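Encoded as structure tokens, the structure appears first; notes follow it.
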Amino acid sequence: MLLVADVHGNNAALARVAQRGEPLLVLGDLLNLIDYRTGEGLLADLLGPDLVAEVLRLRRRGGYGAANERWRSFVVGREEEVSARYDALVKAAYQEVGAALEDAEAYVTYGNADRPGLLRRCLPPGVRYVDGEVVEIEGLRVGIVGGGPTRLGVPGEVPDDDLARKLAGLGAVDVLCTHAAPAVPSLSRDVIGGRCKDSAAVLGFVLRRRPRFHYFGDVHQPQALAWRVGDTLCRNVGYFRLTERAIRHG
């Protein structure tokens, strides 16, 4: 089976992987809200490239509060208009995802940048949306849990307590797949942004249940792509938007 995470709008590359005829696991962040390298993404389409560039400059200087306030000042008084336009952009983006996965044996979960309900509705017949469930793939018990750590208050974020409950419901698995990274500094800290995107709940499950493999995404530029935690090999299978490379299990 093949695994990817953090597609972030690179649906042409996703389609090429899906056409390879192997089971494909997509571990979240299908939407490209904003590409911090280029400023491209749904927010640029929604708010304009100049505003996005200004916000990115503020964030790079560490001014997250000022950046968020700039977003709010732009939207105030036109909330319904902006919300409707954003909903249309997201739906169109997910329809492109669905087209890329047409006729594939694929299993999809969501990341912190996603809108889970709409993603699920836009997937084509035969593509399975999975969150907090175990599926059998190639004779292996594969546990899949979606959602990312809470930071910005967007629909795809899941508090760590909720992640822990979903993980606990899996039981013993051969392979654990999450969007969120385990709370291991070398795996969870983004060396470009400097932010730590970790989940203590995911790490706790790995240590208790000891699956042979753990695959995840979310961290685009980690210090390490793979790290052994006890008996488990943990591996980042993103940043697919940039790499366009699927990881084969094993």
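Letters for chains follow the order of the structure tokens (A, B, ...), residue numbers begin at 1 for each chain, and ligand numbers begin at 1 in the order shown.
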
- Task: Quick one: everything within 8 Å of A:Val219, counting only C-alpha atoms, minus sequence neighbours fewer than 4 positions away in the same chain. Send it as a ChimeraX atom specification.
- Result: /A:181,187-190,197,236,238-239

Helix (DSSP H, G or I) per DSSP on the backbone: members of stretch 96-205 of chain A, as an mmCIF file with C-alpha atoms, in the first residue's frame:
data_model
loop_
_atom_site.group_PDB
_atom_site.id
_atom_site.type_symbol
_atom_site.label_atom_id
_atom_site.label_comp_id
_atom_site.auth_asym_id
_atom_site.auth_seq_id
_atom_site.Cartn_x
_atom_site.Cartn_y
_atom_site.Cartn_z
ATOM 1 C CA GLU A 96 -10.997 18.084 -7.677
ATOM 2 C CA VAL A 97 -9.802 15.684 -4.968
ATOM 3 C CA GLY A 98 -12.722 13.369 -5.756
ATOM 4 C CA ALA A 99 -11.886 13.424 -9.462
ATOM 5 C CA ALA A 100 -8.237 12.591 -8.695
ATOM 6 C CA PRO A 116 -14.252 16.827 7.444
ATOM 7 C CA GLY A 117 -17.957 16.755 6.614
ATOM 8 C CA LEU A 118 -17.594 18.351 3.203
ATOM 9 C CA LEU A 119 -14.545 16.245 2.360
ATOM 10 C CA ARG A 120 -16.499 13.096 3.114
ATOM 11 C CA ARG A 121 -19.428 14.149 0.926
ATOM 12 C CA CYS A 122 -17.176 14.958 -2.038
ATOM 13 C CA ASP A 160 -5.777 15.999 22.227
ATOM 14 C CA ASP A 161 -8.341 14.500 24.620
ATOM 15 C CA ASP A 162 -10.609 13.777 21.648
ATOM 16 C CA LEU A 163 -7.717 12.282 19.706
ATOM 17 C CA ALA A 164 -6.982 10.054 22.709
ATOM 18 C CA ARG A 165 -10.588 8.791 22.755
ATOM 19 C CA LYS A 166 -10.560 8.000 19.054
ATOM 20 C CA LEU A 167 -7.225 6.218 19.367
ATOM 21 C CA ALA A 168 -8.388 4.201 22.357
ATOM 22 C CA PRO A 185 10.611 16.737 18.986
ATOM 23 C CA SER A 186 12.595 15.569 15.962
ATOM 24 C CA LEU A 187 9.376 14.454 14.243
ATOM 25 C CA SER A 188 6.996 17.202 15.311
ATOM 26 C CA ALA A 200 0.852 13.506 23.296
ATOM 27 C CA ALA A 201 -2.185 11.291 22.657
ATOM 28 C CA VAL A 202 -0.614 9.812 19.527
ATOM 29 C CA LEU A 203 2.689 9.203 21.293
ATOM 30 C CA GLY A 204 0.870 7.589 24.214
ATOM 31 C CA PHE A 205 -0.934 5.174 21.908
#

- For A:Tyr129, which of A:Asp174, A:Glu105, A:Glu40, A:Glu157 is the closest residue, counting only C-alpha atoms?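 Among the listed residues, A:Glu105 lies closest to A:Tyr129.
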
- Task: Skip A:Gly146 itself and residues of its chain fewer than 2 positions away, then list as a VMD selection string all residues within 6 Å of it, counting only C-alpha atoms.
- Result: chain A and resid 109 to 111 131 178 to 179

Residues just named, written with N, CA and C atoms as a PDB file, in the first residue's frame:
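Final file, again_22.pdb:
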ATOM      1  N   THR A 109      -8.585  10.210   5.257  1.00  0.00           N
ATOM      2  CA  THR A 109      -8.970  10.876   6.495  1.00  0.00           C
ATOM      3  C   THR A 109      -8.633  12.356   6.371  1.00  0.00           C
ATOM      4  N   TYR A 110      -8.928  13.117   7.396  1.00  0.00           N
ATOM      5  CA  TYR A 110      -8.785  14.569   7.294  1.00  0.00           C
ATOM      6  C   TYR A 110      -7.651  15.079   8.172  1.00  0.00           C
ATOM      7  N   GLY A 111      -7.166  16.258   7.824  1.00  0.00           N
ATOM      8  CA  GLY A 111      -6.151  16.944   8.620  1.00  0.00           C
ATOM      9  C   GLY A 111      -6.690  18.236   9.189  1.00  0.00           C
ATOM     10  N   ASP A 131     -12.179   7.531   9.922  1.00  0.00           N
ATOM     11  CA  ASP A 131     -11.731   8.313  11.082  1.00  0.00           C
ATOM     12  C   ASP A 131     -12.099   7.559  12.344  1.00  0.00           C
ATOM     13  N   THR A 178      -2.181   8.415  11.289  1.00  0.00           N
ATOM     14  CA  THR A 178      -2.800   9.639  11.807  1.00  0.00           C
ATOM     15  C   THR A 178      -2.350  10.811  10.941  1.00  0.00           C
ATOM     16  N   HIS A 179      -3.077  11.897  11.053  1.00  0.00           N
ATOM     17  CA  HIS A 179      -2.543  13.134  10.466  1.00  0.00           C
ATOM     18  C   HIS A 179      -1.540  13.748  11.431  1.00  0.00           C
TER      19      HIS A 179
END

- Message: To test your reading of the structure, identify every residue in stretch 33-200 of chain A that backbone DSSP assigns to strand (DSSP E or B), and report it as a VMD selection string.
- Response: chain A and resid 106 to 109 128 to 129 133 to 137 140 to 145 148 157 175 to 178 181 to 182 189 to 190 196 198 to 199

- Residue contacts of A:Phe74 (12 Å, only C-alpha atoms) excluding same-chain residues fewer than 3 positions away, as a ChimeraX atom specification: /A:46-48,50-52,54-55,67-71,77-79,81-82

Go ahead and save the residues from that selection, with C-alpha atoms, as a PDB file, in the first residue's frame.
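Resulting contents of out_17.pdb:
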ATOM      1  CA  LEU A  46     -10.606  34.578  -1.309  1.00  0.00           C
ATOM      2  CA  LEU A  47      -8.895  37.660   0.110  1.00  0.00           C
ATOM      3  CA  GLY A  48      -6.414  38.640  -2.578  1.00  0.00           C
ATOM      4  CA  ASP A  50      -1.697  41.444  -1.370  1.00  0.00           C
ATOM      5  CA  LEU A  51      -3.469  40.819   1.932  1.00  0.00           C
ATOM      6  CA  VAL A  52      -2.067  37.295   2.148  1.00  0.00           C
ATOM      7  CA  GLU A  54       1.004  41.174   4.288  1.00  0.00           C
ATOM      8  CA  VAL A  55      -0.205  38.542   6.737  1.00  0.00           C
ATOM      9  CA  ALA A  67      -1.662  38.811  11.552  1.00  0.00           C
ATOM     10  CA  ASN A  68      -4.921  37.428  12.937  1.00  0.00           C
ATOM     11  CA  GLU A  69      -6.192  40.929  13.615  1.00  0.00           C
ATOM     12  CA  ARG A  70      -5.469  41.852   9.985  1.00  0.00           C
ATOM     13  CA  TRP A  71      -7.622  38.913   8.846  1.00  0.00           C
ATOM     14  CA  GLY A  77     -18.933  43.709   7.982  1.00  0.00           C
ATOM     15  CA  ARG A  78     -18.851  41.240   5.084  1.00  0.00           C
ATOM     16  CA  GLU A  79     -18.884  37.952   6.941  1.00  0.00           C
ATOM     17  CA  GLU A  81     -20.212  37.272   1.616  1.00  0.00           C
ATOM     18  CA  VAL A  82     -16.765  35.978   2.564  1.00  0.00           C
TER      19      VAL A  82
END

- At what distance in Å, to one decimal, does atom CA of A:Val130 lie from atom CA of A:Pro222? 25.6 Å

- Item | Residue contacts of A:Pro211 (6 Å, only C-alpha atoms) excluding same-chain residues fewer than 5 positions away, as a list in words |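 Listed by chain and then number, they are Val173, Asp174, Val175 and Thr232 of chain A.
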
Using N, CA and C atoms, can you write the selected residues to a file as a PDB file, in the first residue's frame?
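That gives us selection13.pdb:
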ATOM      1  N   VAL A 173      -3.412  -2.673  16.652  1.00  0.00           N
ATOM      2  CA  VAL A 173      -3.301  -2.554  15.200  1.00  0.00           C
ATOM      3  C   VAL A 173      -1.872  -2.880  14.779  1.00  0.00           C
ATOM      4  N   ASP A 174      -1.731  -3.321  13.538  1.00  0.00           N
ATOM      5  CA  ASP A 174      -0.397  -3.530  12.971  1.00  0.00           C
ATOM      6  C   ASP A 174       0.212  -2.209  12.525  1.00  0.00           C
ATOM      7  N   VAL A 175      -0.648  -1.342  11.985  1.00  0.00           N
ATOM      8  CA  VAL A 175      -0.211  -0.057  11.430  1.00  0.00           C
ATOM      9  C   VAL A 175      -1.138   1.024  11.962  1.00  0.00           C
ATOM     10  N   THR A 232       8.150   0.712  17.514  1.00  0.00           N
ATOM     11  CA  THR A 232       7.417   1.279  16.381  1.00  0.00           C
ATOM     12  C   THR A 232       8.305   2.177  15.524  1.00  0.00           C
TER      13      THR A 232
END
